[in-house]
Amino acid sequence: MKKNMGMADKAIRFILAIIVGVLYYTNVINGTLAIVLGVLAVVFVLTSFISFCPLYLPFGITTRRK
């Protein structure tokens with residue numbers, strides 16, 4: 001896996017995951033929407049930690065500085 005995520009991309013994903021977590025724990029979101037956003041938040045956190053987004057690969061996108 002070649003890293004393809006820059007610092008800004010990782011920070012934005014991590015912040016979005018935190019926002020979803022806060023919305024869930026304050027009962028703003030619930031039900032199916034909470035499950036879908038929760039899974040998405042977990043994916044965001046995992047991809048932030050490994051600096052690799054599999055969706056960027058087929059399109060040749062990289063937000064990482066060279």
# chains A, B, ... in the order shown; residues from 1 in each chain; ligands from 1

$ residues_around --residues "stretch 53-65 of chain A" --least-positions-apart "6" --cutoff "9 Å" --atoms "only C-alpha atoms" --output "PyMOL selection string"
chain A and resi 3-9+44+47

$ write_last_selection --atoms "N, CA and C atoms" --output "mmCIF file, in the first residue's frame"
data_model
loop_
_atom_site.group_PDB
_atom_site.id
_atom_site.type_symbol
_atom_site.label_atom_id
_atom_site.label_comp_id
_atom_site.auth_asym_id
_atom_site.auth_seq_id
_atom_site.Cartn_x
_atom_site.Cartn_y
_atom_site.Cartn_z
ATOM 1 N N LYS A 3 1.139 5.168 0.367
ATOM 2 C CA LYS A 3 0.383 6.235 1.020
ATOM 3 C C LYS A 3 -0.103 7.248 -0.010
ATOM 4 N N ASN A 4 -1.384 7.634 0.110
ATOM 5 C CA ASN A 4 -1.947 8.581 -0.847
ATOM 6 C C ASN A 4 -2.807 9.659 -0.182
ATOM 7 N N MET A 5 -2.631 9.845 1.120
ATOM 8 C CA MET A 5 -3.408 10.857 1.839
ATOM 9 C C MET A 5 -2.474 11.845 2.529
ATOM 10 N N GLY A 6 -2.778 13.126 2.348
ATOM 11 C CA GLY A 6 -2.006 14.184 2.984
ATOM 12 C C GLY A 6 -2.524 14.485 4.381
ATOM 13 N N MET A 7 -1.835 15.367 5.059
ATOM 14 C CA MET A 7 -2.193 15.712 6.437
ATOM 15 C C MET A 7 -3.574 16.370 6.528
ATOM 16 N N ALA A 8 -3.887 17.260 5.607
ATOM 17 C CA ALA A 8 -5.194 17.934 5.647
ATOM 18 C C ALA A 8 -6.319 16.924 5.438
ATOM 19 N N ASP A 9 -6.147 16.015 4.511
ATOM 20 C CA ASP A 9 -7.143 14.979 4.242
ATOM 21 C C ASP A 9 -7.366 14.111 5.474
ATOM 22 N N PHE A 44 -13.258 6.146 8.077
ATOM 23 C CA PHE A 44 -12.476 7.390 8.040
ATOM 24 C C PHE A 44 -11.307 7.337 9.011
ATOM 25 N N THR A 47 -8.630 4.753 7.706
ATOM 26 C CA THR A 47 -7.864 5.264 6.565
ATOM 27 C C THR A 47 -6.971 6.437 6.973
#

$ residues_around --residues "A:Ile29" --least-positions-apart "6" --cutoff "12 Å" --atoms "only C-alpha atoms" --output "number ranges by chain"
A: 19-23, 35-38

$ select_by_dssp --residues "stretch 22-54 of chain A" --states "helix (DSSP H, G or I)" --output "list in words"
Val22, Leu23, Tyr24, Tyr25, Gly31, Thr32, Leu33, Ala34, Ile35, Val36, Leu37, Gly38, Val39, Leu40, Ala41, Val42, Val43, Phe44, Val45, Leu46, Thr47, Ser48, Phe49 and Ile50 of chain A

$ write_last_selection --atoms "N, CA, C and O atoms" --output "short mmCIF file (atom, residue, chain, number, x, y, z; two decimals), in the first residue's frame"
data_model
loop_
_atom_site.label_atom_id
_atom_site.label_comp_id
_atom_site.auth_asym_id
_atom_site.auth_seq_id
_atom_site.Cartn_x
_atom_site.Cartn_y
_atom_site.Cartn_z
N VAL A 22 -19.98 12.30 18.25
CA VAL A 22 -20.68 13.22 19.16
C VAL A 22 -22.17 13.25 18.84
O VAL A 22 -23.01 13.22 19.75
N LEU A 23 -22.53 13.29 17.58
CA LEU A 23 -23.94 13.29 17.19
C LEU A 23 -24.64 12.01 17.65
O LEU A 23 -25.80 12.05 18.09
N TYR A 24 -23.93 10.90 17.58
CA TYR A 24 -24.51 9.63 18.03
C TYR A 24 -24.73 9.63 19.54
O TYR A 24 -25.79 9.25 20.03
N TYR A 25 -23.72 10.04 20.29
CA TYR A 25 -23.81 9.98 21.74
C TYR A 25 -24.75 11.03 22.33
O TYR A 25 -25.20 10.90 23.46
N GLY A 31 -30.88 5.04 14.73
CA GLY A 31 -31.41 4.09 13.75
C GLY A 31 -30.42 3.77 12.65
O GLY A 31 -29.21 3.70 12.87
N THR A 32 -30.96 3.57 11.47
CA THR A 32 -30.15 3.18 10.32
C THR A 32 -29.12 4.24 9.95
O THR A 32 -27.98 3.92 9.61
N LEU A 33 -29.52 5.50 10.04
CA LEU A 33 -28.58 6.58 9.74
C LEU A 33 -27.37 6.53 10.67
O LEU A 33 -26.23 6.71 10.23
N ALA A 34 -27.60 6.25 11.93
CA ALA A 34 -26.50 6.18 12.89
C ALA A 34 -25.56 5.02 12.56
O ALA A 34 -24.34 5.16 12.67
N ILE A 35 -26.12 3.91 12.14
CA ILE A 35 -25.29 2.75 11.79
C ILE A 35 -24.44 3.06 10.56
O ILE A 35 -23.23 2.80 10.54
N VAL A 36 -25.05 3.62 9.53
CA VAL A 36 -24.33 3.93 8.30
C VAL A 36 -23.24 4.97 8.57
O VAL A 36 -22.08 4.79 8.14
N LEU A 37 -23.57 6.03 9.28
CA LEU A 37 -22.57 7.06 9.58
C LEU A 37 -21.49 6.53 10.53
O LEU A 37 -20.33 6.93 10.44
N GLY A 38 -21.86 5.63 11.43
CA GLY A 38 -20.88 5.02 12.32
C GLY A 38 -19.87 4.19 11.56
O GLY A 38 -18.66 4.25 11.84
N VAL A 39 -20.34 3.39 10.64
CA VAL A 39 -19.42 2.59 9.82
C VAL A 39 -18.53 3.50 8.99
O VAL A 39 -17.31 3.27 8.89
N LEU A 40 -19.10 4.53 8.42
CA LEU A 40 -18.31 5.49 7.65
C LEU A 40 -17.26 6.18 8.53
O LEU A 40 -16.12 6.38 8.11
N ALA A 41 -17.63 6.51 9.75
CA ALA A 41 -16.68 7.14 10.68
C ALA A 41 -15.52 6.20 11.01
O ALA A 41 -14.36 6.63 11.07
N VAL A 42 -15.82 4.93 11.21
CA VAL A 42 -14.77 3.95 11.49
C VAL A 42 -13.83 3.83 10.30
O VAL A 42 -12.60 3.79 10.46
N VAL A 43 -14.38 3.80 9.11
CA VAL A 43 -13.55 3.74 7.89
C VAL A 43 -12.68 4.98 7.79
O VAL A 43 -11.50 4.90 7.45
N PHE A 44 -13.26 6.15 8.08
CA PHE A 44 -12.48 7.39 8.04
C PHE A 44 -11.31 7.34 9.01
O PHE A 44 -10.20 7.75 8.68
N VAL A 45 -11.54 6.86 10.22
CA VAL A 45 -10.47 6.79 11.22
C VAL A 45 -9.38 5.80 10.78
O VAL A 45 -8.19 6.10 10.86
N LEU A 46 -9.80 4.64 10.29
CA LEU A 46 -8.82 3.64 9.85
C LEU A 46 -7.98 4.15 8.68
O LEU A 46 -6.75 4.00 8.68
N THR A 47 -8.63 4.75 7.71
CA THR A 47 -7.86 5.26 6.57
C THR A 47 -6.97 6.44 6.97
O THR A 47 -5.90 6.62 6.39
N SER A 48 -7.38 7.20 7.97
CA SER A 48 -6.53 8.29 8.46
C SER A 48 -5.26 7.75 9.11
O SER A 48 -4.19 8.31 8.90
N PHE A 49 -5.40 6.68 9.87
CA PHE A 49 -4.23 6.13 10.55
C PHE A 49 -3.25 5.45 9.60
O PHE A 49 -2.04 5.52 9.82
N ILE A 50 -3.75 4.82 8.55
CA ILE A 50 -2.84 4.13 7.63
C ILE A 50 -2.45 5.00 6.43
O ILE A 50 -1.64 4.58 5.61
#

$ decode --residues "stretch 32-48 of chain A" --atoms "all heavy atoms" --output "PDB file, in the first residue's frame"
ATOM      1  N   THR A  32     -30.961   3.572  11.469  1.00  0.00           N
ATOM      2  CA  THR A  32     -30.152   3.176  10.315  1.00  0.00           C
ATOM      3  C   THR A  32     -29.122   4.241   9.954  1.00  0.00           C
ATOM      4  O   THR A  32     -27.978   3.918   9.607  1.00  0.00           O
ATOM      5  CB  THR A  32     -31.058   2.903   9.100  1.00  0.00           C
ATOM      6  OG1 THR A  32     -32.049   1.941   9.468  1.00  0.00           O
ATOM      7  CG2 THR A  32     -30.262   2.382   7.924  1.00  0.00           C
ATOM      8  N   LEU A  33     -29.516   5.496  10.042  1.00  0.00           N
ATOM      9  CA  LEU A  33     -28.581   6.581   9.738  1.00  0.00           C
ATOM     10  C   LEU A  33     -27.368   6.532  10.671  1.00  0.00           C
ATOM     11  O   LEU A  33     -26.233   6.713  10.228  1.00  0.00           O
ATOM     12  CB  LEU A  33     -29.272   7.937   9.856  1.00  0.00           C
ATOM     13  CG  LEU A  33     -28.406   9.170   9.593  1.00  0.00           C
ATOM     14  CD1 LEU A  33     -27.900   9.165   8.158  1.00  0.00           C
ATOM     15  CD2 LEU A  33     -29.171  10.431   9.898  1.00  0.00           C
ATOM     16  N   ALA A  34     -27.598   6.253  11.934  1.00  0.00           N
ATOM     17  CA  ALA A  34     -26.499   6.177  12.891  1.00  0.00           C
ATOM     18  C   ALA A  34     -25.561   5.020  12.563  1.00  0.00           C
ATOM     19  O   ALA A  34     -24.337   5.164  12.671  1.00  0.00           O
ATOM     20  CB  ALA A  34     -27.050   6.022  14.301  1.00  0.00           C
ATOM     21  N   ILE A  35     -26.117   3.906  12.139  1.00  0.00           N
ATOM     22  CA  ILE A  35     -25.286   2.752  11.789  1.00  0.00           C
ATOM     23  C   ILE A  35     -24.438   3.059  10.558  1.00  0.00           C
ATOM     24  O   ILE A  35     -23.230   2.803  10.544  1.00  0.00           O
ATOM     25  CB  ILE A  35     -26.160   1.507  11.555  1.00  0.00           C
ATOM     26  CG1 ILE A  35     -26.808   1.076  12.865  1.00  0.00           C
ATOM     27  CG2 ILE A  35     -25.340   0.363  10.959  1.00  0.00           C
ATOM     28  CD1 ILE A  35     -27.872   0.014  12.716  1.00  0.00           C
ATOM     29  N   VAL A  36     -25.052   3.622   9.533  1.00  0.00           N
ATOM     30  CA  VAL A  36     -24.331   3.933   8.302  1.00  0.00           C
ATOM     31  C   VAL A  36     -23.237   4.966   8.565  1.00  0.00           C
ATOM     32  O   VAL A  36     -22.084   4.793   8.141  1.00  0.00           O
ATOM     33  CB  VAL A  36     -25.304   4.437   7.211  1.00  0.00           C
ATOM     34  CG1 VAL A  36     -24.554   4.985   6.011  1.00  0.00           C
ATOM     35  CG2 VAL A  36     -26.244   3.326   6.790  1.00  0.00           C
ATOM     36  N   LEU A  37     -23.570   6.034   9.278  1.00  0.00           N
ATOM     37  CA  LEU A  37     -22.565   7.056   9.583  1.00  0.00           C
ATOM     38  C   LEU A  37     -21.495   6.527  10.530  1.00  0.00           C
ATOM     39  O   LEU A  37     -20.331   6.932  10.436  1.00  0.00           O
ATOM     40  CB  LEU A  37     -23.236   8.297  10.171  1.00  0.00           C
ATOM     41  CG  LEU A  37     -24.075   9.117   9.194  1.00  0.00           C
ATOM     42  CD1 LEU A  37     -24.722  10.302   9.916  1.00  0.00           C
ATOM     43  CD2 LEU A  37     -23.260   9.598   8.024  1.00  0.00           C
ATOM     44  N   GLY A  38     -21.862   5.628  11.426  1.00  0.00           N
ATOM     45  CA  GLY A  38     -20.880   5.020  12.325  1.00  0.00           C
ATOM     46  C   GLY A  38     -19.866   4.188  11.565  1.00  0.00           C
ATOM     47  O   GLY A  38     -18.661   4.251  11.838  1.00  0.00           O
ATOM     48  N   VAL A  39     -20.339   3.391  10.639  1.00  0.00           N
ATOM     49  CA  VAL A  39     -19.423   2.588   9.816  1.00  0.00           C
ATOM     50  C   VAL A  39     -18.528   3.499   8.994  1.00  0.00           C
ATOM     51  O   VAL A  39     -17.312   3.273   8.891  1.00  0.00           O
ATOM     52  CB  VAL A  39     -20.221   1.623   8.912  1.00  0.00           C
ATOM     53  CG1 VAL A  39     -19.337   0.976   7.870  1.00  0.00           C
ATOM     54  CG2 VAL A  39     -20.930   0.570   9.749  1.00  0.00           C
ATOM     55  N   LEU A  40     -19.098   4.534   8.424  1.00  0.00           N
ATOM     56  CA  LEU A  40     -18.310   5.492   7.653  1.00  0.00           C
ATOM     57  C   LEU A  40     -17.257   6.183   8.530  1.00  0.00           C
ATOM     58  O   LEU A  40     -16.118   6.379   8.106  1.00  0.00           O
ATOM     59  CB  LEU A  40     -19.223   6.531   7.014  1.00  0.00           C
ATOM     60  CG  LEU A  40     -18.605   7.497   6.027  1.00  0.00           C
ATOM     61  CD1 LEU A  40     -18.060   6.749   4.822  1.00  0.00           C
ATOM     62  CD2 LEU A  40     -19.629   8.515   5.590  1.00  0.00           C
ATOM     63  N   ALA A  41     -17.627   6.510   9.753  1.00  0.00           N
ATOM     64  CA  ALA A  41     -16.676   7.144  10.676  1.00  0.00           C
ATOM     65  C   ALA A  41     -15.521   6.203  11.011  1.00  0.00           C
ATOM     66  O   ALA A  41     -14.362   6.629  11.071  1.00  0.00           O
ATOM     67  CB  ALA A  41     -17.398   7.576  11.955  1.00  0.00           C
ATOM     68  N   VAL A  42     -15.823   4.930  11.209  1.00  0.00           N
ATOM     69  CA  VAL A  42     -14.769   3.949  11.487  1.00  0.00           C
ATOM     70  C   VAL A  42     -13.829   3.834  10.296  1.00  0.00           C
ATOM     71  O   VAL A  42     -12.595   3.787  10.461  1.00  0.00           O
ATOM     72  CB  VAL A  42     -15.379   2.578  11.852  1.00  0.00           C
ATOM     73  CG1 VAL A  42     -14.328   1.494  11.880  1.00  0.00           C
ATOM     74  CG2 VAL A  42     -16.106   2.659  13.192  1.00  0.00           C
ATOM     75  N   VAL A  43     -14.380   3.803   9.106  1.00  0.00           N
ATOM     76  CA  VAL A  43     -13.554   3.737   7.895  1.00  0.00           C
ATOM     77  C   VAL A  43     -12.683   4.981   7.788  1.00  0.00           C
ATOM     78  O   VAL A  43     -11.498   4.895   7.447  1.00  0.00           O
ATOM     79  CB  VAL A  43     -14.441   3.565   6.633  1.00  0.00           C
ATOM     80  CG1 VAL A  43     -13.635   3.747   5.360  1.00  0.00           C
ATOM     81  CG2 VAL A  43     -15.113   2.211   6.653  1.00  0.00           C
ATOM     82  N   PHE A  44     -13.258   6.146   8.077  1.00  0.00           N
ATOM     83  CA  PHE A  44     -12.476   7.390   8.040  1.00  0.00           C
ATOM     84  C   PHE A  44     -11.307   7.337   9.011  1.00  0.00           C
ATOM     85  O   PHE A  44     -10.200   7.753   8.677  1.00  0.00           O
ATOM     86  CB  PHE A  44     -13.359   8.589   8.351  1.00  0.00           C
ATOM     87  CG  PHE A  44     -14.157   9.110   7.195  1.00  0.00           C
ATOM     88  CD1 PHE A  44     -15.052  10.137   7.371  1.00  0.00           C
ATOM     89  CD2 PHE A  44     -14.021   8.588   5.925  1.00  0.00           C
ATOM     90  CE1 PHE A  44     -15.796  10.646   6.323  1.00  0.00           C
ATOM     91  CE2 PHE A  44     -14.752   9.077   4.860  1.00  0.00           C
ATOM     92  CZ  PHE A  44     -15.646  10.102   5.060  1.00  0.00           C
ATOM     93  N   VAL A  45     -11.537   6.856  10.221  1.00  0.00           N
ATOM     94  CA  VAL A  45     -10.467   6.791  11.216  1.00  0.00           C
ATOM     95  C   VAL A  45      -9.383   5.804  10.778  1.00  0.00           C
ATOM     96  O   VAL A  45      -8.187   6.102  10.865  1.00  0.00           O
ATOM     97  CB  VAL A  45     -11.026   6.421  12.606  1.00  0.00           C
ATOM     98  CG1 VAL A  45      -9.914   6.098  13.578  1.00  0.00           C
ATOM     99  CG2 VAL A  45     -11.891   7.553  13.143  1.00  0.00           C
ATOM    100  N   LEU A  46      -9.800   4.640  10.292  1.00  0.00           N
ATOM    101  CA  LEU A  46      -8.815   3.642   9.850  1.00  0.00           C
ATOM    102  C   LEU A  46      -7.978   4.152   8.683  1.00  0.00           C
ATOM    103  O   LEU A  46      -6.752   3.996   8.683  1.00  0.00           O
ATOM    104  CB  LEU A  46      -9.521   2.345   9.461  1.00  0.00           C
ATOM    105  CG  LEU A  46     -10.113   1.537  10.607  1.00  0.00           C
ATOM    106  CD1 LEU A  46     -10.881   0.330  10.068  1.00  0.00           C
ATOM    107  CD2 LEU A  46      -9.043   1.096  11.566  1.00  0.00           C
ATOM    108  N   THR A  47      -8.630   4.753   7.706  1.00  0.00           N
ATOM    109  CA  THR A  47      -7.864   5.264   6.565  1.00  0.00           C
ATOM    110  C   THR A  47      -6.971   6.437   6.973  1.00  0.00           C
ATOM    111  O   THR A  47      -5.899   6.621   6.394  1.00  0.00           O
ATOM    112  CB  THR A  47      -8.786   5.685   5.405  1.00  0.00           C
ATOM    113  OG1 THR A  47      -9.718   6.652   5.858  1.00  0.00           O
ATOM    114  CG2 THR A  47      -9.502   4.491   4.809  1.00  0.00           C
ATOM    115  N   SER A  48      -7.379   7.198   7.969  1.00  0.00           N
ATOM    116  CA  SER A  48      -6.534   8.288   8.457  1.00  0.00           C
ATOM    117  C   SER A  48      -5.264   7.751   9.106  1.00  0.00           C
ATOM    118  O   SER A  48      -4.185   8.306   8.904  1.00  0.00           O
ATOM    119  CB  SER A  48      -7.290   9.143   9.467  1.00  0.00           C
ATOM    120  OG  SER A  48      -8.323   9.837   8.842  1.00  0.00           O
TER     121      SER A  48
END
